[in-house]
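Pasted below: work-v7.json, JSON, C-alpha atoms and all ligand atoms.
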[["chain", "number", "residue", "atom", "x", "y", "z"],
["A", 1, "MET", "CA", 10.78, -0.39, -13.03],
["A", 2, "ASP", "CA", 10.71, -4.01, -11.73],
["A", 3, "HIS", "CA", 7.98, -3.09, -9.27],
["A", 4, "PHE", "CA", 5.97, -1.50, -12.08],
["A", 5, "LEU", "CA", 6.51, -4.18, -14.73],
["A", 6, "SER", "CA", 6.46, -7.25, -12.46],
["A", 7, "PRO", "CA", 4.77, -6.34, -9.19],
["A", 8, "LYS", "CA", 4.80, -9.21, -6.69],
["A", 9, "ASN", "CA", 1.84, -8.06, -4.65],
["A", 10, "MET", "CA", -0.73, -7.11, -7.26],
["A", 11, "GLY", "CA", -4.06, -8.82, -6.73],
["A", 12, "VAL", "CA", -7.02, -9.18, -4.43],
["A", 13, "ILE", "CA", -7.32, -10.88, -1.03],
["A", 14, "GLU", "CA", -10.86, -12.23, -1.17],
["A", 15, "ASP", "CA", -11.18, -12.72, 2.61],
["A", 16, "ALA", "CA", -9.26, -9.56, 3.55],
["A", 17, "ASP", "CA", -9.54, -8.29, 7.13],
["A", 18, "GLY", "CA", -9.32, -4.70, 5.93],
["A", 19, "VAL", "CA", -9.78, -2.94, 2.59],
["A", 20, "GLY", "CA", -8.74, 0.62, 1.85],
["A", 21, "GLU", "CA", -9.85, 2.47, -1.26],
["A", 22, "VAL", "CA", -8.24, 5.80, -2.00],
["A", 23, "GLY", "CA", -7.88, 8.09, -4.96],
["A", 24, "ASN", "CA", -6.23, 11.30, -5.98],
["A", 25, "PRO", "CA", -8.75, 13.63, -7.62],
["A", 26, "LYS", "CA", -6.02, 15.68, -9.32],
["A", 27, "CYS", "CA", -4.35, 12.87, -11.28],
["A", 28, "GLY", "CA", -7.29, 10.44, -11.20],
["A", 29, "ASP", "CA", -5.27, 7.49, -9.89],
["A", 30, "LEU", "CA", -7.17, 4.92, -7.82],
["A", 31, "MET", "CA", -5.73, 2.39, -5.37],
["A", 32, "THR", "CA", -7.25, -0.42, -3.33],
["A", 33, "ILE", "CA", -5.20, -2.03, -0.57],
["A", 34, "TYR", "CA", -6.12, -5.38, 1.00],
["A", 35, "ILE", "CA", -4.65, -6.55, 4.31],
["A", 36, "LYS", "CA", -4.77, -9.77, 6.25],
["A", 37, "ILE", "CA", -4.05, -9.57, 9.99],
["A", 38, "GLU", "CA", -2.72, -12.40, 12.16],
["A", 39, "ASP", "CA", -1.64, -11.94, 15.79],
["A", 40, "GLY", "CA", -1.69, -8.16, 15.35],
["A", 41, "LYS", "CA", 0.65, -8.28, 12.36],
["A", 42, "ILE", "CA", 0.10, -7.76, 8.65],
["A", 43, "SER", "CA", 0.48, -11.32, 7.40],
["A", 44, "ASP", "CA", -0.49, -10.54, 3.80],
["A", 45, "MET", "CA", -1.09, -7.42, 1.75],
["A", 46, "LYS", "CA", -2.07, -6.93, -1.88],
["A", 47, "PHE", "CA", -3.12, -4.05, -4.07],
["A", 48, "LYS", "CA", -5.09, -3.14, -7.16],
["A", 49, "THR", "CA", -4.05, 0.16, -8.67],
["A", 50, "LEU", "CA", -5.37, 2.02, -11.66],
["A", 51, "GLY", "CA", -2.79, 4.69, -12.21],
["A", 52, "CYS", "CA", 0.68, 5.73, -13.19],
["A", 53, "ALA", "CA", 3.84, 3.63, -13.13],
["A", 54, "ALA", "CA", 4.92, 5.20, -9.83],
["A", 55, "ALA", "CA", 1.54, 4.52, -8.23],
["A", 56, "ILE", "CA", 1.88, 0.84, -9.14],
["A", 57, "ALA", "CA", 5.53, 0.66, -8.02],
["A", 58, "THR", "CA", 4.85, 2.42, -4.70],
["A", 59, "SER", "CA", 1.79, 0.20, -4.08],
["A", 60, "ASP", "CA", 3.98, -2.85, -4.58],
["A", 61, "MET", "CA", 6.75, -1.48, -2.39],
["A", 62, "ILE", "CA", 4.51, -0.54, 0.55],
["A", 63, "CYS", "CA", 3.25, -4.14, 0.53],
["A", 64, "GLU", "CA", 6.84, -5.38, 0.67],
["A", 65, "VAL", "CA", 7.74, -3.04, 3.52],
["A", 66, "ALA", "CA", 4.55, -3.54, 5.56],
["A", 67, "LYS", "CA", 4.25, -7.34, 5.47],
["A", 68, "GLY", "CA", 5.31, -8.88, 8.77],
["A", 69, "LYS", "CA", 5.07, -5.59, 10.67],
["A", 70, "SER", "CA", 2.68, -4.87, 13.52],
["A", 71, "ILE", "CA", -0.21, -2.59, 12.55],
["A", 72, "ASP", "CA", 1.27, 0.33, 14.49],
["A", 73, "ASP", "CA", 4.70, -0.11, 12.92],
["A", 74, "ALA", "CA", 3.18, -0.38, 9.44],
["A", 75, "LEU", "CA", 1.41, 2.94, 9.97],
["A", 76, "LYS", "CA", 4.82, 4.50, 10.68],
["A", 77, "ILE", "CA", 6.15, 3.60, 7.22],
["A", 78, "THR", "CA", 7.45, 6.81, 5.74],
["A", 79, "PHE", "CA", 7.72, 8.18, 2.25],
["A", 80, "GLN", "CA", 11.47, 7.68, 2.60],
["A", 81, "ASP", "CA", 11.04, 3.98, 3.45],
["A", 82, "ILE", "CA", 9.13, 3.53, 0.18],
["A", 83, "VAL", "CA", 11.67, 5.53, -1.84],
["A", 84, "ASP", "CA", 14.57, 3.64, -0.27],
["A", 85, "GLY", "CA", 12.91, 0.36, -1.23],
["A", 86, "LEU", "CA", 12.49, 1.50, -4.83],
["A", 87, "GLY", "CA", 15.93, 3.06, -5.07],
["A", 88, "SER", "CA", 14.59, 6.45, -6.11],
["A", 89, "LEU", "CA", 11.44, 8.27, -7.10],
["A", 90, "PRO", "CA", 11.18, 11.48, -9.16],
["A", 91, "GLN", "CA", 10.11, 14.52, -7.15],
["A", 92, "VAL", "CA", 6.92, 14.91, -9.24],
["A", 93, "LYS", "CA", 5.91, 11.40, -8.16],
["A", 94, "VAL", "CA", 6.14, 11.99, -4.42],
["A", 95, "HIS", "CA", 2.35, 12.10, -4.13],
["A", 96, "CYS", "CA", 2.12, 8.54, -5.51],
["A", 97, "ALA", "CA", 3.93, 7.25, -2.41],
["A", 98, "GLY", "CA", 1.55, 9.36, -0.33],
["A", 99, "LEU", "CA", -1.39, 7.63, -1.98],
["A", 100, "ALA", "CA", 0.08, 4.23, -1.03],
["A", 101, "GLN", "CA", 0.43, 5.39, 2.59],
["A", 102, "GLU", "CA", -3.18, 6.62, 2.57],
["A", 103, "GLY", "CA", -4.35, 3.29, 1.13],
["A", 104, "LEU", "CA", -2.69, 1.34, 3.92],
["A", 105, "LYS", "CA", -4.11, 3.71, 6.52],
["A", 106, "ALA", "CA", -7.61, 3.31, 5.06],
["A", 107, "ALA", "CA", -7.28, -0.50, 5.12],
["A", 108, "VAL", "CA", -6.22, -0.40, 8.79],
["A", 109, "GLU", "CA", -9.14, 1.92, 9.63],
["A", 110, "ASP", "CA", -11.48, -0.54, 7.91],
["A", 111, "TYR", "CA", -9.97, -3.42, 9.93],
["A", 112, "ARG", "CA", -10.26, -1.49, 13.21],
["A", 113, "ARG", "CA", -13.87, -0.54, 12.46],
["A", 114, "GLU", "CA", -14.75, -4.22, 12.04],
["A", 115, "ASN", "CA", -12.71, -5.41, 15.01],
["B", 1, "LIG", "FE1", -1.04, 10.51, -9.17],
["B", 1, "LIG", "FE2", 0.82, 8.69, -9.59],
["B", 1, "LIG", "S1", 0.37, 10.43, -10.85],
["B", 1, "LIG", "S2", -0.66, 8.73, -8.00]]

Give the structure from this file in structure tokens form.
Ligand code: FES
Amino acid sequence: MDHFLSPKNMGVIEDADGVGEVGNPKCGDLMTIYIKIEDGKISDMKFKTLGCAAAIATSDMICEVAKGKSIDDALKITFQDIVDGLGSLPQVKVHCAGLAQEGLKAAVEDYRREN
């Protein structure tokens, strides 16, 4: 609930090195992930999410888990890593964590396309 009510990483990185926009057509939730890369590591990461409480909480948590990691290690973040960070996640909200993983992957693809 803390990560839904008071997310630390909500916002936009204006000079982001990579931006990933993803959505789930079934539930209609939309997520944009912004990453900043320094020395091959994710130095900053923010999100803008229009969606359910779990989509917001998982967006915030993937930012927490990914910051400071190398790009390759960040891409290895699992659903379980996100759930462990949050404490728990209802089974029906599993796809919200998947959307956060897709958002990060899309941001990295955008970064790699440009670099
Ligand atoms: Fe679809 Fe949360 S209900 S991302």

Exercise: Val12 in chain A partners within 12 Å, only C-alpha atoms, chain neighbours under 4 positions left out, as a ChimeraX atom specification: /A:16-20,31-36,44-49

Selection above as a file: C-alpha atoms, as a PDB file, keeping the file's coordinate frame:
ATOM      1  CA  ALA A  16      -9.260  -9.560   3.550  1.00  0.00           C
ATOM      2  CA  ASP A  17      -9.540  -8.290   7.130  1.00  0.00           C
ATOM      3  CA  GLY A  18      -9.320  -4.700   5.930  1.00  0.00           C
ATOM      4  CA  VAL A  19      -9.780  -2.940   2.590  1.00  0.00           C
ATOM      5  CA  GLY A  20      -8.740   0.620   1.850  1.00  0.00           C
ATOM      6  CA  MET A  31      -5.730   2.390  -5.370  1.00  0.00           C
ATOM      7  CA  THR A  32      -7.250  -0.420  -3.330  1.00  0.00           C
ATOM      8  CA  ILE A  33      -5.200  -2.030  -0.570  1.00  0.00           C
ATOM      9  CA  TYR A  34      -6.120  -5.380   1.000  1.00  0.00           C
ATOM     10  CA  ILE A  35      -4.650  -6.550   4.310  1.00  0.00           C
ATOM     11  CA  LYS A  36      -4.770  -9.770   6.250  1.00  0.00           C
ATOM     12  CA  ASP A  44      -0.490 -10.540   3.800  1.00  0.00           C
ATOM     13  CA  MET A  45      -1.090  -7.420   1.750  1.00  0.00           C
ATOM     14  CA  LYS A  46      -2.070  -6.930  -1.880  1.00  0.00           C
ATOM     15  CA  PHE A  47      -3.120  -4.050  -4.070  1.00  0.00           C
ATOM     16  CA  LYS A  48      -5.090  -3.140  -7.160  1.00  0.00           C
ATOM     17  CA  THR A  49      -4.050   0.160  -8.670  1.00  0.00           C
TER      18      THR A  49
END

Shell around range 69-85 of chain A at 8 Å using all atoms listed in the file, local window under 2 positions removed, as a PyMOL selection string: chain A and resi 40-42+58+61-62+65-67+87-89+94+97-98+101+104-105+108

Export C-alpha atoms of the chosen residues as an mmCIF file, in the coordinates of the input?
data_model
loop_
_atom_site.group_PDB
_atom_site.id
_atom_site.type_symbol
_atom_site.label_atom_id
_atom_site.label_comp_id
_atom_site.auth_asym_id
_atom_site.auth_seq_id
_atom_site.Cartn_x
_atom_site.Cartn_y
_atom_site.Cartn_z
ATOM 1 C CA GLY A 40 -1.690 -8.160 15.350
ATOM 2 C CA LYS A 41 0.650 -8.280 12.360
ATOM 3 C CA ILE A 42 0.100 -7.760 8.650
ATOM 4 C CA THR A 58 4.850 2.420 -4.700
ATOM 5 C CA MET A 61 6.750 -1.480 -2.390
ATOM 6 C CA ILE A 62 4.510 -0.540 0.550
ATOM 7 C CA VAL A 65 7.740 -3.040 3.520
ATOM 8 C CA ALA A 66 4.550 -3.540 5.560
ATOM 9 C CA LYS A 67 4.250 -7.340 5.470
ATOM 10 C CA GLY A 87 15.930 3.060 -5.070
ATOM 11 C CA SER A 88 14.590 6.450 -6.110
ATOM 12 C CA LEU A 89 11.440 8.270 -7.100
ATOM 13 C CA VAL A 94 6.140 11.990 -4.420
ATOM 14 C CA ALA A 97 3.930 7.250 -2.410
ATOM 15 C CA GLY A 98 1.550 9.360 -0.330
ATOM 16 C CA GLN A 101 0.430 5.390 2.590
ATOM 17 C CA LEU A 104 -2.690 1.340 3.920
ATOM 18 C CA LYS A 105 -4.110 3.710 6.520
ATOM 19 C CA VAL A 108 -6.220 -0.400 8.790
#

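Of the residues listed (A:Ile13, A:Val92, A:Ala100, A:Met1), A:Ala100 shows the shortest atom-to-atom separation from Cys63 in chain A; distances use only C-alpha atoms.
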
Nearest residue to Gly28 in chain A from the set A:Ser43, A:Ser6, A:Pro90, A:Ala55 (distances using all atoms listed in the file): A:Ala55

Show me which residues line ligand LIG 1 (chain B), defined as having an atom within 7 Å of a ligand atom where all atoms listed in the file count, and present them as an mmCIF file with C-alpha atoms, in the coordinates of the input.
data_model
loop_
_atom_site.group_PDB
_atom_site.id
_atom_site.type_symbol
_atom_site.label_atom_id
_atom_site.label_comp_id
_atom_site.auth_asym_id
_atom_site.auth_seq_id
_atom_site.Cartn_x
_atom_site.Cartn_y
_atom_site.Cartn_z
ATOM 1 C CA ASN A 24 -6.230 11.300 -5.980
ATOM 2 C CA CYS A 27 -4.350 12.870 -11.280
ATOM 3 C CA GLY A 28 -7.290 10.440 -11.200
ATOM 4 C CA ASP A 29 -5.270 7.490 -9.890
ATOM 5 C CA GLY A 51 -2.790 4.690 -12.210
ATOM 6 C CA CYS A 52 0.680 5.730 -13.190
ATOM 7 C CA ALA A 53 3.840 3.630 -13.130
ATOM 8 C CA ALA A 54 4.920 5.200 -9.830
ATOM 9 C CA ALA A 55 1.540 4.520 -8.230
ATOM 10 C CA LYS A 93 5.910 11.400 -8.160
ATOM 11 C CA HIS A 95 2.350 12.100 -4.130
ATOM 12 C CA CYS A 96 2.120 8.540 -5.510
ATOM 13 C CA LEU A 99 -1.390 7.630 -1.980
#

For CA of Lys8 in chain A and CA of Glu21 in chain A, the interatomic separation in Å (one decimal):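 CA of Glu21 in chain A lies 19.5 Å from CA of Lys8 in chain A.
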
Gap from CA of Tyr111 in chain A to CA of Glu14 in chain A - Å, one decimal: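 It comes out at 14.2 Å.
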
Atomic distance CA of Leu86 in chain A - CA of Gly103 in chain A, expressed in Å with one decimal: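 Spanning CA of Leu86 in chain A to CA of Gly103 in chain A is a straight-line distance of 18.0 Å.
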